[in-house]
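Engineer: Questions regarding the structure given below will be posed in turn.
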Amino acid sequence: MVIVNDLTEPDMPRSIEASFDAVIVGAGFAGLYMLHRLRGLGLTARVFEQASDVGGTWYWNRYPGARCDAESLAYSFAFSEDLEQEWEWTERYSPQAEILQYAKHVAERFDLLRDIRFGRRVDAATWSESKQRWTITTEQGDKVTGQYCIMATGCLSVPQLPAIEGLESFAGKRYQASQWPHQAVSFKGQRVGIIGTGSSGIQAIPVIARDADHLTVFQRTPNFSVPAKNSLLEQSWVRQFKANYRAHRNNHRRGLGSGFGDLDIEPLTEVQEPILMESLSSEQANAVLQSAWDRGGAFFMGAIGDAMMNETANSFVQKFVHDKIKQVVKDPQTAAALCPDNHPIGTRRICVDIDYFETYNRANVRLLNLRQSPIEQITATGIQTAAEFVELDTLVLATGFDAMTGALLAMDIVGTGGVKLGDAWSEGPKAYLGLSVNGFPNLFTITGPGSPSVLSNMLVSIEQHVDWITDCITYMQDKGFRICTADKMAQKQWVGHVNDVANGTLFPKGGSWYLGANVKGKPRVFMPYAAGVGPYREICDQVVEDGYTGFQFSA
Ligand code: N01
């Protein structure tokens, strides 16, 4: 088997032991902005990043068709008005290369690179009660200390390989969506197979199909997907939108939803009341959905405001999408297999596609329904299912991630009393506000479990967390505190509240990676906070206003 990627890093020189005010793990958007804000406080910081450049998820996920499912003018930093005015996005949904370029631009523009060490994988972080500092080590031999340790490790950064017998025996080329090579990949003249029909697969399939001789899609669970309706951005529209950027940003931050919305030229002046299913006739509901469908994008899931709470509303939306799939896909059997029927729409991350369902009308594309004939094994030359053997030259895996906790638990994080994070989280992640973990002083988790994170526009949530952490550190400096830790009871109540909110929705019925359901042995806990970015921000602001309720500080 030839695994094609270029992840081998050159030998890095050993760093000398050094101490910093803060150590940040990860140089994606969260790590970059955190470094910028800490610099602003006059603190010293060291960032460790396992990749050879900045960008996080946009560094790794270079698979064909990779692009953001949040719109460019919303999926961007708001902290610098000059940056947001000067940077020019070209498409409604930015392709991976453009977002990576943007991350590099931010790093250079704010002179961040000098504090980042690339090619360093942090393997351990240990709190010393006597020194009141974290010691952070890397696999490459670095050892540094920091008063604060800030995890900017991303929610979807640990790839999940399928447990299929014989995977390693495949003798053709094998690619993994989330570890894609940096050089161009051609599928010309090849028989390609792809496993995985989540967001990554659904974006990659149409592009690979256009290039390959033949593409077989091995689908276990069909997913709901809405058309992106991507287009080049009209510069006159962009100028008008940017003229009101502050008001738009404010709406993204304060809204009831996920921080994706308000992308009309005129900013919303008041919070939009959700349209509830019970207030609509079937014709009206269809018209509302059609209008959202025509507009394109994940916004579709907000069209009927109670679709994530009310099974009747959700079923109506499901049927609307099933009908769309059946209208597009010509072969009735393939169309039926592509209609998701085992989860309410939206309870698994809604996919946003360009020509996904249309791709199944191509003569060189075939869908294999693994629910009818599961994969039995992978051999040197292809995939054996219960029904047939499919010969392949190339295999693409788009099989997801150990989400939200994967990257944190991959490190040996040890808090007070020698307690390991893995033990503290043996029944699932427990964090106060998704920001701080009881027993792990001065450790912050940007977009950690228990915060809106993956249910939101990540840039909105990253900025909110980084700003909150910066304010907390400023507060500590002003008051002469050296240690901050989440209170056990406050954490317990918050975790209970996160569960209660999730249980008031249909999310737990999705059986998705939000629940850890895609990783064998992972506790089934709904990890993100589902009340929306605006209400979450209000809670975090209130905690500050009330003197950091739920946190304990000491000198
Ligand atoms: O991963 P996934 P992803 N045999 O977990 C299948 C973000 N993202 O990388 O559902 C056969 O959704 C698995 O099948 P099943 C976004 O938040 C964003 O696509 O377990 N199949 C599933 O179909 C997204 O939700 C963007 O039955 C196997 C697939 O692999 C998240 O990342 C783009 C299998 C995994 O789907 C993850 O998306 C891309 C097996 N043994 C990603 N094991 C945008 O911004 C797994 N599967 C647009």
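Identifiers in this document derive from the order of the structure tokens: chains are assigned A, B, ..., residues are numbered from 1 separately in each chain, and ligands are numbered from 1 in order of occurrence.
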Run DSSP on the backbone and grab whatever in stretch 358-428 of chain A lands in strand (DSSP E or B); send it over as an MDAnalysis selection string.

Structural biologist: chainID A and resid 365:369 375:378 382:385 389:391 394:397 401 412:414 420

Engineer: Counting only C-alpha atoms, what is within 6 Å of stretch 400-415 of chain A, bar same-chain residues fewer than 3 positions away, as a list in words?

Structural biologist: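 Counting only C-alpha atoms, the residues come to Asp123, Ala124, Ala125, Thr126, Trp127, Cys155, Leu156, Val158, Pro159, Gln160, Gly418, Val419, Lys420, Leu421, Gly422, Gly439 and Phe440 of chain A.
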
Engineer: Counting only C-alpha atoms and all ligand atoms, which residues of chain A fall within 9 Å of ligand 1, and what is the closest atom pair for each with its distance in Å at one decimal, ordered by chain and rising number, as a Markdown table?

Structural biologist:
```
| residue | atom | partner | partner_atom_place_in_ligand_line | distance |
| --- | --- | --- | --- | --- |
| A:Asn61 | CA | ligand 1 | 39 (C) | 7.8 |
| A:Gly65 | CA | ligand 1 | 33 (C) | 9.0 |
| A:Ala66 | CA | ligand 1 | 33 (C) | 6.2 |
| A:Arg67 | CA | ligand 1 | 48 (C) | 5.5 |
| A:Cys68 | CA | ligand 1 | 45 (O) | 3.7 |
| A:Asp69 | CA | ligand 1 | 48 (C) | 4.1 |
| A:Ala70 | CA | ligand 1 | 45 (O) | 6.7 |
| A:Tyr93 | CA | ligand 1 | 48 (C) | 8.9 |
| A:Cys155 | CA | ligand 1 | 32 (O) | 8.7 |
| A:Leu156 | CA | ligand 1 | 32 (O) | 6.2 |
| A:Pro159 | CA | ligand 1 | 9 (O) | 8.1 |
| A:Gln160 | CA | ligand 1 | 46 (C) | 7.6 |
| A:Leu161 | CA | ligand 1 | 43 (N) | 6.9 |
| A:Pro162 | CA | ligand 1 | 41 (N) | 4.1 |
| A:Ala163 | CA | ligand 1 | 41 (N) | 5.4 |
| A:Ile164 | CA | ligand 1 | 41 (N) | 5.7 |
| A:Ala177 | CA | ligand 1 | 9 (O) | 7.3 |
| A:Ser178 | CA | ligand 1 | 9 (O) | 7.1 |
| A:Ile195 | CA | ligand 1 | 21 (N) | 5.4 |
| A:Gly196 | CA | ligand 1 | 30 (O) | 3.3 |
| A:Thr197 | CA | ligand 1 | 23 (O) | 3.7 |
| A:Gly198 | CA | ligand 1 | 19 (O) | 3.3 |
| A:Ser199 | CA | ligand 1 | 19 (O) | 3.8 |
| A:Ser200 | CA | ligand 1 | 19 (O) | 3.7 |
| A:Gly201 | CA | ligand 1 | 19 (O) | 5.4 |
| A:Ile202 | CA | ligand 1 | 19 (O) | 7.2 |
| A:Gln203 | CA | ligand 1 | 33 (C) | 7.0 |
| A:Phe218 | CA | ligand 1 | 11 (C) | 6.7 |
| A:Gln219 | CA | ligand 1 | 21 (N) | 6.1 |
| A:Arg220 | CA | ligand 1 | 27 (O) | 4.4 |
| A:Thr221 | CA | ligand 1 | 27 (O) | 4.1 |
| A:Pro222 | CA | ligand 1 | 23 (O) | 6.9 |
| A:Asn223 | CA | ligand 1 | 23 (O) | 7.4 |
| A:Arg348 | CA | ligand 1 | 25 (O) | 7.1 |
| A:Arg349 | CA | ligand 1 | 25 (O) | 4.7 |
| A:Ile350 | CA | ligand 1 | 25 (O) | 7.2 |
| A:Cys351 | CA | ligand 1 | 48 (C) | 6.7 |
| A:Val352 | CA | ligand 1 | 48 (C) | 6.2 |
| A:Asp353 | CA | ligand 1 | 48 (C) | 7.8 |
| A:Leu370 | CA | ligand 1 | 11 (C) | 7.2 |
| A:Arg371 | CA | ligand 1 | 27 (O) | 8.7 |
| A:Pro374 | CA | ligand 1 | 4 (N) | 8.0 |
| A:Ile375 | CA | ligand 1 | 4 (N) | 7.0 |
| A:Leu397 | CA | ligand 1 | 30 (O) | 7.5 |
| A:Ala398 | CA | ligand 1 | 30 (O) | 5.5 |
| A:Thr399 | CA | ligand 1 | 30 (O) | 3.3 |
| A:Gly400 | CA | ligand 1 | 1 (O) | 3.1 |
| A:Phe401 | CA | ligand 1 | 5 (O) | 6.0 |
| A:Asp402 | CA | ligand 1 | 5 (O) | 8.4 |
| A:Ala403 | CA | ligand 1 | 37 (C) | 8.1 |
| A:Val454 | CA | ligand 1 | 17 (O) | 6.2 |
| A:Leu455 | CA | ligand 1 | 17 (O) | 8.0 |
| A:Gly511 | CA | ligand 1 | 10 (O) | 8.5 |
| A:Ser512 | CA | ligand 1 | 10 (O) | 7.2 |
| A:Trp513 | CA | ligand 1 | 5 (O) | 6.0 |
| A:Tyr514 | CA | ligand 1 | 25 (O) | 8.6 |
| A:Ala517 | CA | ligand 1 | 20 (O) | 8.2 |
| A:Asn518 | CA | ligand 1 | 20 (O) | 5.8 |
| A:Val519 | CA | ligand 1 | 43 (N) | 9.0 |
```

Engineer: Extract, using only C-alpha atoms, all DNA, RNA and protein residues at most 7 Å from stretch 523-529 of chain A, discarding same-chain residues fewer than 4 positions from it, and format them as an MDAnalysis selection string.

Structural biologist: chainID A and resid 427:428 449:455 498:499 502 508 514:517

Engineer: Within 6 Å of stretch 30-39 of chain A, counting only C-alpha atoms, which residues show up once you throw out same-chain ones fewer than 2 positions away? Write them as a ChimeraX atom specification, please.

Structural biologist: /A:26-28,41-43,152,462,466

Engineer: Write to file, as a PDB file, in the first residue's frame, the residues of the selection just made, with all heavy atoms.

Structural biologist:
```pdb
ATOM      1  N   GLY A  26      -1.279  24.848  19.239  1.00  0.00           N
ATOM      2  CA  GLY A  26      -2.038  24.965  17.992  1.00  0.00           C
ATOM      3  C   GLY A  26      -1.929  26.347  17.374  1.00  0.00           C
ATOM      4  O   GLY A  26      -2.024  27.359  18.070  1.00  0.00           O
ATOM      5  N   ALA A  27      -1.690  26.377  16.073  1.00  0.00           N
ATOM      6  CA  ALA A  27      -1.569  27.653  15.353  1.00  0.00           C
ATOM      7  C   ALA A  27      -2.595  27.750  14.218  1.00  0.00           C
ATOM      8  O   ALA A  27      -2.308  28.187  13.126  1.00  0.00           O
ATOM      9  CB  ALA A  27      -0.148  27.846  14.815  1.00  0.00           C
ATOM     10  N   GLY A  28      -3.815  27.277  14.531  1.00  0.00           N
ATOM     11  CA  GLY A  28      -4.951  27.572  13.650  1.00  0.00           C
ATOM     12  C   GLY A  28      -5.460  28.964  14.015  1.00  0.00           C
ATOM     13  O   GLY A  28      -4.761  29.745  14.677  1.00  0.00           O
ATOM     14  N   LEU A  41      -1.264  42.213  25.823  1.00  0.00           N
ATOM     15  CA  LEU A  41      -1.185  42.380  27.281  1.00  0.00           C
ATOM     16  C   LEU A  41       0.268  42.514  27.738  1.00  0.00           C
ATOM     17  O   LEU A  41       0.537  42.637  28.927  1.00  0.00           O
ATOM     18  CB  LEU A  41      -1.800  41.171  28.000  1.00  0.00           C
ATOM     19  CG  LEU A  41      -3.292  40.892  27.838  1.00  0.00           C
ATOM     20  CD1 LEU A  41      -3.710  39.716  28.722  1.00  0.00           C
ATOM     21  CD2 LEU A  41      -4.113  42.122  28.191  1.00  0.00           C
ATOM     22  N   GLY A  42       1.188  42.393  26.787  1.00  0.00           N
ATOM     23  CA  GLY A  42       2.605  42.462  27.144  1.00  0.00           C
ATOM     24  C   GLY A  42       3.141  41.152  27.683  1.00  0.00           C
ATOM     25  O   GLY A  42       4.196  41.107  28.325  1.00  0.00           O
ATOM     26  N   LEU A  43       2.421  40.052  27.442  1.00  0.00           N
ATOM     27  CA  LEU A  43       2.868  38.749  27.951  1.00  0.00           C
ATOM     28  C   LEU A  43       3.746  38.043  26.918  1.00  0.00           C
ATOM     29  O   LEU A  43       3.624  38.280  25.715  1.00  0.00           O
ATOM     30  CB  LEU A  43       1.664  37.862  28.273  1.00  0.00           C
ATOM     31  CG  LEU A  43       0.680  38.378  29.319  1.00  0.00           C
ATOM     32  CD1 LEU A  43      -0.389  37.334  29.610  1.00  0.00           C
ATOM     33  CD2 LEU A  43       1.391  38.755  30.617  1.00  0.00           C
ATOM     34  N   ALA A 152      -5.504  25.399  21.920  1.00  0.00           N
ATOM     35  CA  ALA A 152      -6.150  25.889  20.699  1.00  0.00           C
ATOM     36  C   ALA A 152      -6.050  24.771  19.670  1.00  0.00           C
ATOM     37  O   ALA A 152      -5.576  24.952  18.548  1.00  0.00           O
ATOM     38  CB  ALA A 152      -5.450  27.155  20.218  1.00  0.00           C
ATOM     39  N   ILE A 462     -14.410  31.338  18.280  1.00  0.00           N
ATOM     40  CA  ILE A 462     -12.987  31.467  18.634  1.00  0.00           C
ATOM     41  C   ILE A 462     -12.719  32.871  19.179  1.00  0.00           C
ATOM     42  O   ILE A 462     -12.106  33.038  20.236  1.00  0.00           O
ATOM     43  CB  ILE A 462     -12.097  31.182  17.400  1.00  0.00           C
ATOM     44  CG1 ILE A 462     -12.046  29.676  17.126  1.00  0.00           C
ATOM     45  CG2 ILE A 462     -10.693  31.758  17.581  1.00  0.00           C
ATOM     46  CD1 ILE A 462     -11.397  29.297  15.804  1.00  0.00           C
ATOM     47  N   VAL A 466     -11.347  33.669  22.932  1.00  0.00           N
ATOM     48  CA  VAL A 466     -10.034  34.305  23.103  1.00  0.00           C
ATOM     49  C   VAL A 466     -10.201  35.642  23.841  1.00  0.00           C
ATOM     50  O   VAL A 466      -9.424  35.953  24.757  1.00  0.00           O
ATOM     51  CB  VAL A 466      -9.344  34.503  21.728  1.00  0.00           C
ATOM     52  CG1 VAL A 466      -8.114  35.389  21.864  1.00  0.00           C
ATOM     53  CG2 VAL A 466      -8.977  33.150  21.122  1.00  0.00           C
TER      54      VAL A 466
END
```

Engineer: I'd like to know which of A:Ser19, A:Gln477, A:Thr57, A:Thr385 is closest to A:Lys143, using only C-alpha atoms.

Structural biologist: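 Looking at the shortest contact to A:Lys143, the residue is A:Ser19.
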
Engineer: With only C-alpha atoms as the counted atoms, please give the residues lying no more than 10 Å from A:Ala247, apart from itself and same-chain residues fewer than 2 positions off, as a short mmCIF file (atom, residue, chain, number, x, y, z; two decimals) with N, CA, C and O atoms, in the first residue's frame.

Structural biologist:
```cif
data_model
loop_
_atom_site.label_atom_id
_atom_site.label_comp_id
_atom_site.auth_asym_id
_atom_site.auth_seq_id
_atom_site.Cartn_x
_atom_site.Cartn_y
_atom_site.Cartn_z
N PHE A 241 -21.73 45.64 1.91
CA PHE A 241 -21.76 44.82 3.13
C PHE A 241 -20.69 45.33 4.11
O PHE A 241 -20.95 45.50 5.31
N LYS A 242 -19.51 45.60 3.57
CA LYS A 242 -18.41 46.03 4.45
C LYS A 242 -18.68 47.40 5.07
O LYS A 242 -18.15 47.71 6.14
N ALA A 243 -19.48 48.20 4.41
CA ALA A 243 -19.80 49.52 4.96
C ALA A 243 -20.55 49.37 6.28
O ALA A 243 -20.53 50.27 7.12
N ASN A 244 -21.21 48.24 6.46
CA ASN A 244 -21.97 48.00 7.70
C ASN A 244 -21.38 46.84 8.49
O ASN A 244 -22.11 46.14 9.21
N TYR A 245 -20.10 46.61 8.35
CA TYR A 245 -19.51 45.39 8.92
C TYR A 245 -19.74 45.28 10.43
O TYR A 245 -20.04 44.21 10.96
N ARG A 249 -21.35 42.12 12.19
CA ARG A 249 -20.59 41.32 13.16
C ARG A 249 -21.34 41.20 14.47
O ARG A 249 -21.36 40.15 15.11
N ASN A 250 -21.91 42.33 14.87
CA ASN A 250 -22.64 42.32 16.13
C ASN A 250 -23.81 41.33 16.05
O ASN A 250 -24.06 40.58 17.00
N ASN A 251 -24.47 41.32 14.93
CA ASN A 251 -25.58 40.36 14.77
C ASN A 251 -25.09 38.92 14.78
O ASN A 251 -25.73 38.04 15.34
N HIS A 252 -23.94 38.67 14.14
CA HIS A 252 -23.41 37.31 14.15
C HIS A 252 -23.10 36.87 15.58
O HIS A 252 -23.31 35.72 15.94
N ARG A 253 -22.60 37.82 16.37
CA ARG A 253 -22.19 37.47 17.74
C ARG A 253 -23.37 37.32 18.68
O ARG A 253 -23.34 36.53 19.61
N ASP A 262 -27.38 36.80 8.90
CA ASP A 262 -27.30 38.22 8.60
C ASP A 262 -26.27 38.51 7.51
O ASP A 262 -25.24 39.13 7.75
N GLU A 266 -28.24 45.07 4.00
CA GLU A 266 -28.68 45.86 5.15
C GLU A 266 -28.61 44.99 6.40
O GLU A 266 -29.23 43.93 6.44
N PRO A 267 -27.90 45.42 7.43
CA PRO A 267 -27.86 44.58 8.63
C PRO A 267 -29.22 44.53 9.31
O PRO A 267 -30.01 45.48 9.22
N LEU A 268 -29.50 43.40 9.96
CA LEU A 268 -30.75 43.27 10.70
C LEU A 268 -30.75 44.30 11.82
O LEU A 268 -29.72 44.54 12.47
N THR A 269 -31.90 44.89 12.06
CA THR A 269 -31.94 45.88 13.13
C THR A 269 -32.52 45.30 14.40
O THR A 269 -32.35 45.84 15.48
#
```

Engineer: Env of A:Arg121: 8 Å cut, atoms = only C-alpha atoms, seq-sep filter 4 positions within chain, self excluded. Answer as a ChimeraX atom specification.

Structural biologist: /A:48-50,138-140

Engineer: Any chance you could export the current selection's N, CA and C atoms as a PDB file, in the first residue's frame?

Structural biologist:
```pdb
ATOM      1  N   PHE A  48       3.128  26.061  20.018  1.00  0.00           N
ATOM      2  CA  PHE A  48       3.603  24.829  19.377  1.00  0.00           C
ATOM      3  C   PHE A  48       2.554  24.345  18.380  1.00  0.00           C
ATOM      4  N   GLU A  49       3.026  24.012  17.197  1.00  0.00           N
ATOM      5  CA  GLU A  49       2.115  23.573  16.138  1.00  0.00           C
ATOM      6  C   GLU A  49       2.733  22.360  15.455  1.00  0.00           C
ATOM      7  N   GLN A  50       1.927  21.293  15.306  1.00  0.00           N
ATOM      8  CA  GLN A  50       2.497  20.068  14.709  1.00  0.00           C
ATOM      9  C   GLN A  50       2.690  20.176  13.199  1.00  0.00           C
ATOM     10  N   THR A 138       7.197  18.476  24.055  1.00  0.00           N
ATOM     11  CA  THR A 138       6.803  18.024  22.714  1.00  0.00           C
ATOM     12  C   THR A 138       7.527  16.720  22.387  1.00  0.00           C
ATOM     13  N   GLU A 139       6.959  15.997  21.418  1.00  0.00           N
ATOM     14  CA  GLU A 139       7.595  14.763  20.965  1.00  0.00           C
ATOM     15  C   GLU A 139       8.973  15.042  20.399  1.00  0.00           C
ATOM     16  N   GLN A 140       9.191  16.282  19.962  1.00  0.00           N
ATOM     17  CA  GLN A 140      10.466  16.629  19.332  1.00  0.00           C
ATOM     18  C   GLN A 140      11.515  17.048  20.369  1.00  0.00           C
TER      19      GLN A 140
END
```

Engineer: For A:Leu367, which residue among A:Ile304, A:Leu263, A:Ile205, A:Met277 is the nearest when counting only C-alpha atoms?

Structural biologist: A:Ile205

Engineer: When you draw a straight line from atom CA of A:Ala486 to atom CA of A:Asn438, how long is it in Å?

Structural biologist: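 Pair atom CA of A:Ala486 / atom CA of A:Asn438 returns 4.6 Å.
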
Engineer: I need the residues of stretch 285-533 of chain A that end up classed as alpha helix (DSSP H) by DSSP on the backbone, written out as a ChimeraX atom specification.

Structural biologist: /A:285-295,311-328,332-338,406-409,421-424,458-479,488-503,533

Engineer: Residues of the last selection are to be written out with C-alpha atoms, as a PDB file, in the first residue's frame.

Structural biologist:
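out_18.pdb, written as the output of this step:
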```pdb
ATOM      1  CA  ALA A 285     -43.942  25.811   4.939  1.00  0.00           C
ATOM      2  CA  ASN A 286     -42.939  24.533   1.510  1.00  0.00           C
ATOM      3  CA  ALA A 287     -42.604  28.103   0.262  1.00  0.00           C
ATOM      4  CA  VAL A 288     -40.413  29.057   3.244  1.00  0.00           C
ATOM      5  CA  LEU A 289     -38.179  26.037   2.651  1.00  0.00           C
ATOM      6  CA  GLN A 290     -38.034  26.616  -1.090  1.00  0.00           C
ATOM      7  CA  SER A 291     -36.931  30.182  -0.543  1.00  0.00           C
ATOM      8  CA  ALA A 292     -34.141  29.012   1.843  1.00  0.00           C
ATOM      9  CA  TRP A 293     -33.190  26.231  -0.601  1.00  0.00           C
ATOM     10  CA  ASP A 294     -32.894  28.737  -3.434  1.00  0.00           C
ATOM     11  CA  ARG A 295     -30.782  31.020  -1.269  1.00  0.00           C
ATOM     12  CA  GLU A 311     -40.418  16.149  15.353  1.00  0.00           C
ATOM     13  CA  THR A 312     -43.351  17.103  13.131  1.00  0.00           C
ATOM     14  CA  ALA A 313     -41.532  20.167  11.838  1.00  0.00           C
ATOM     15  CA  ASN A 314     -38.370  18.133  11.352  1.00  0.00           C
ATOM     16  CA  SER A 315     -40.200  15.391   9.426  1.00  0.00           C
ATOM     17  CA  PHE A 316     -41.660  18.040   7.151  1.00  0.00           C
ATOM     18  CA  VAL A 317     -38.199  19.423   6.391  1.00  0.00           C
ATOM     19  CA  GLN A 318     -36.861  15.888   5.858  1.00  0.00           C
ATOM     20  CA  LYS A 319     -39.562  15.138   3.314  1.00  0.00           C
ATOM     21  CA  PHE A 320     -38.827  18.399   1.500  1.00  0.00           C
ATOM     22  CA  VAL A 321     -35.182  17.356   1.076  1.00  0.00           C
ATOM     23  CA  HIS A 322     -36.056  13.762   0.158  1.00  0.00           C
ATOM     24  CA  ASP A 323     -38.248  15.133  -2.629  1.00  0.00           C
ATOM     25  CA  LYS A 324     -35.378  17.308  -3.862  1.00  0.00           C
ATOM     26  CA  ILE A 325     -33.038  14.306  -3.943  1.00  0.00           C
ATOM     27  CA  LYS A 326     -35.584  12.252  -5.867  1.00  0.00           C
ATOM     28  CA  GLN A 327     -36.106  15.087  -8.347  1.00  0.00           C
ATOM     29  CA  VAL A 328     -32.377  15.356  -9.037  1.00  0.00           C
ATOM     30  CA  PRO A 332     -34.846   5.650  -8.390  1.00  0.00           C
ATOM     31  CA  GLN A 333     -32.841   3.020  -6.482  1.00  0.00           C
ATOM     32  CA  THR A 334     -29.852   5.317  -6.112  1.00  0.00           C
ATOM     33  CA  ALA A 335     -32.136   8.207  -5.115  1.00  0.00           C
ATOM     34  CA  ALA A 336     -33.794   6.066  -2.437  1.00  0.00           C
ATOM     35  CA  ALA A 337     -30.416   4.981  -1.065  1.00  0.00           C
ATOM     36  CA  LEU A 338     -29.308   8.642  -0.878  1.00  0.00           C
ATOM     37  CA  GLY A 406      -9.695  13.775  20.544  1.00  0.00           C
ATOM     38  CA  ALA A 407      -6.866  16.289  20.402  1.00  0.00           C
ATOM     39  CA  LEU A 408      -7.025  17.104  24.119  1.00  0.00           C
ATOM     40  CA  LEU A 409      -6.982  13.482  25.193  1.00  0.00           C
ATOM     41  CA  LEU A 421      -7.556  14.721  32.037  1.00  0.00           C
ATOM     42  CA  GLY A 422      -8.322  11.322  30.527  1.00  0.00           C
ATOM     43  CA  ASP A 423      -9.430  10.073  33.961  1.00  0.00           C
ATOM     44  CA  ALA A 424     -11.354  13.247  34.808  1.00  0.00           C
ATOM     45  CA  MET A 458     -16.052  28.808  14.433  1.00  0.00           C
ATOM     46  CA  LEU A 459     -14.534  32.249  13.901  1.00  0.00           C
ATOM     47  CA  VAL A 460     -17.287  33.868  15.970  1.00  0.00           C
ATOM     48  CA  SER A 461     -16.786  31.347  18.769  1.00  0.00           C
ATOM     49  CA  ILE A 462     -12.987  31.467  18.634  1.00  0.00           C
ATOM     50  CA  GLU A 463     -12.930  35.256  18.951  1.00  0.00           C
ATOM     51  CA  GLN A 464     -15.403  35.177  21.816  1.00  0.00           C
ATOM     52  CA  HIS A 465     -13.363  32.617  23.768  1.00  0.00           C
ATOM     53  CA  VAL A 466     -10.034  34.305  23.103  1.00  0.00           C
ATOM     54  CA  ASP A 467     -11.442  37.680  24.172  1.00  0.00           C
ATOM     55  CA  TRP A 468     -12.943  36.106  27.292  1.00  0.00           C
ATOM     56  CA  ILE A 469      -9.651  34.415  28.245  1.00  0.00           C
ATOM     57  CA  THR A 470      -7.760  37.668  27.624  1.00  0.00           C
ATOM     58  CA  ASP A 471     -10.173  39.546  29.896  1.00  0.00           C
ATOM     59  CA  CYS A 472      -9.837  36.861  32.573  1.00  0.00           C
ATOM     60  CA  ILE A 473      -6.037  37.057  32.505  1.00  0.00           C
ATOM     61  CA  THR A 474      -6.231  40.867  32.648  1.00  0.00           C
ATOM     62  CA  TYR A 475      -8.542  40.585  35.665  1.00  0.00           C
ATOM     63  CA  MET A 476      -6.042  38.269  37.362  1.00  0.00           C
ATOM     64  CA  GLN A 477      -3.176  40.640  36.685  1.00  0.00           C
ATOM     65  CA  ASP A 478      -5.138  43.607  38.022  1.00  0.00           C
ATOM     66  CA  LYS A 479      -6.104  41.745  41.197  1.00  0.00           C
ATOM     67  CA  LYS A 488     -16.422  21.812  40.827  1.00  0.00           C
ATOM     68  CA  MET A 489     -20.067  22.586  41.579  1.00  0.00           C
ATOM     69  CA  ALA A 490     -20.277  25.313  38.921  1.00  0.00           C
ATOM     70  CA  GLN A 491     -18.816  22.866  36.408  1.00  0.00           C
ATOM     71  CA  LYS A 492     -21.303  20.149  37.409  1.00  0.00           C
ATOM     72  CA  GLN A 493     -24.207  22.550  37.005  1.00  0.00           C
ATOM     73  CA  TRP A 494     -22.932  23.749  33.645  1.00  0.00           C
ATOM     74  CA  VAL A 495     -22.489  20.202  32.315  1.00  0.00           C
ATOM     75  CA  GLY A 496     -26.042  19.423  33.511  1.00  0.00           C
ATOM     76  CA  HIS A 497     -27.334  22.541  31.764  1.00  0.00           C
ATOM     77  CA  VAL A 498     -25.543  21.624  28.508  1.00  0.00           C
ATOM     78  CA  ASN A 499     -27.226  18.210  28.666  1.00  0.00           C
ATOM     79  CA  ASP A 500     -30.628  19.675  29.481  1.00  0.00           C
ATOM     80  CA  VAL A 501     -30.419  22.047  26.517  1.00  0.00           C
ATOM     81  CA  ALA A 502     -29.387  19.201  24.207  1.00  0.00           C
ATOM     82  CA  ASN A 503     -32.176  16.989  25.520  1.00  0.00           C
ATOM     83  CA  VAL A 533     -23.951  31.842  20.282  1.00  0.00           C
TER      84      VAL A 533
END
```

Engineer: With only C-alpha atoms as the basis for distance, which of A:Arg62, A:His214, A:His105, A:Arg114 is at the shortest distance from A:Val47?

Structural biologist: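 Ranked by minimum distance to A:Val47, first place goes to A:Arg114.
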
Engineer: Using only C-alpha atoms for the distances, tell me which of A:Asn342, A:Thr347, A:Ser236, A:Gln147 is nearest to A:Phe507.

Structural biologist: A:Thr347

Engineer: Name the closest residue to A:Trp237 among the candidates A:Trp58, A:Gly193, A:Gln132, A:Leu73; distances are taken between atoms, counting only C-alpha atoms.

Structural biologist: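 The answer is A:Leu73, which sits nearest to A:Trp237.
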
Engineer: For stretch 542-553 of chain A, find every residue with an atom within 7 Å (counting only C-alpha atoms), except residues of its own chain fewer than 6 positions away, and show them as an MDAnalysis selection string.

Structural biologist: chainID A and resid 481 483:487 490

Engineer: Using only C-alpha atoms for the distances, tell me which of A:Ala531, A:Ile446, A:Val106, A:Met151 is nearest to A:Met309.

Structural biologist: A:Ala531

Engineer: Would you compute the distance between atom CA of A:Arg191 and atom CA of A:Ala387? Give it in Å to one decimal.

Structural biologist: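 Separation of atom CA of A:Arg191 and atom CA of A:Ala387: 18.7 Å.
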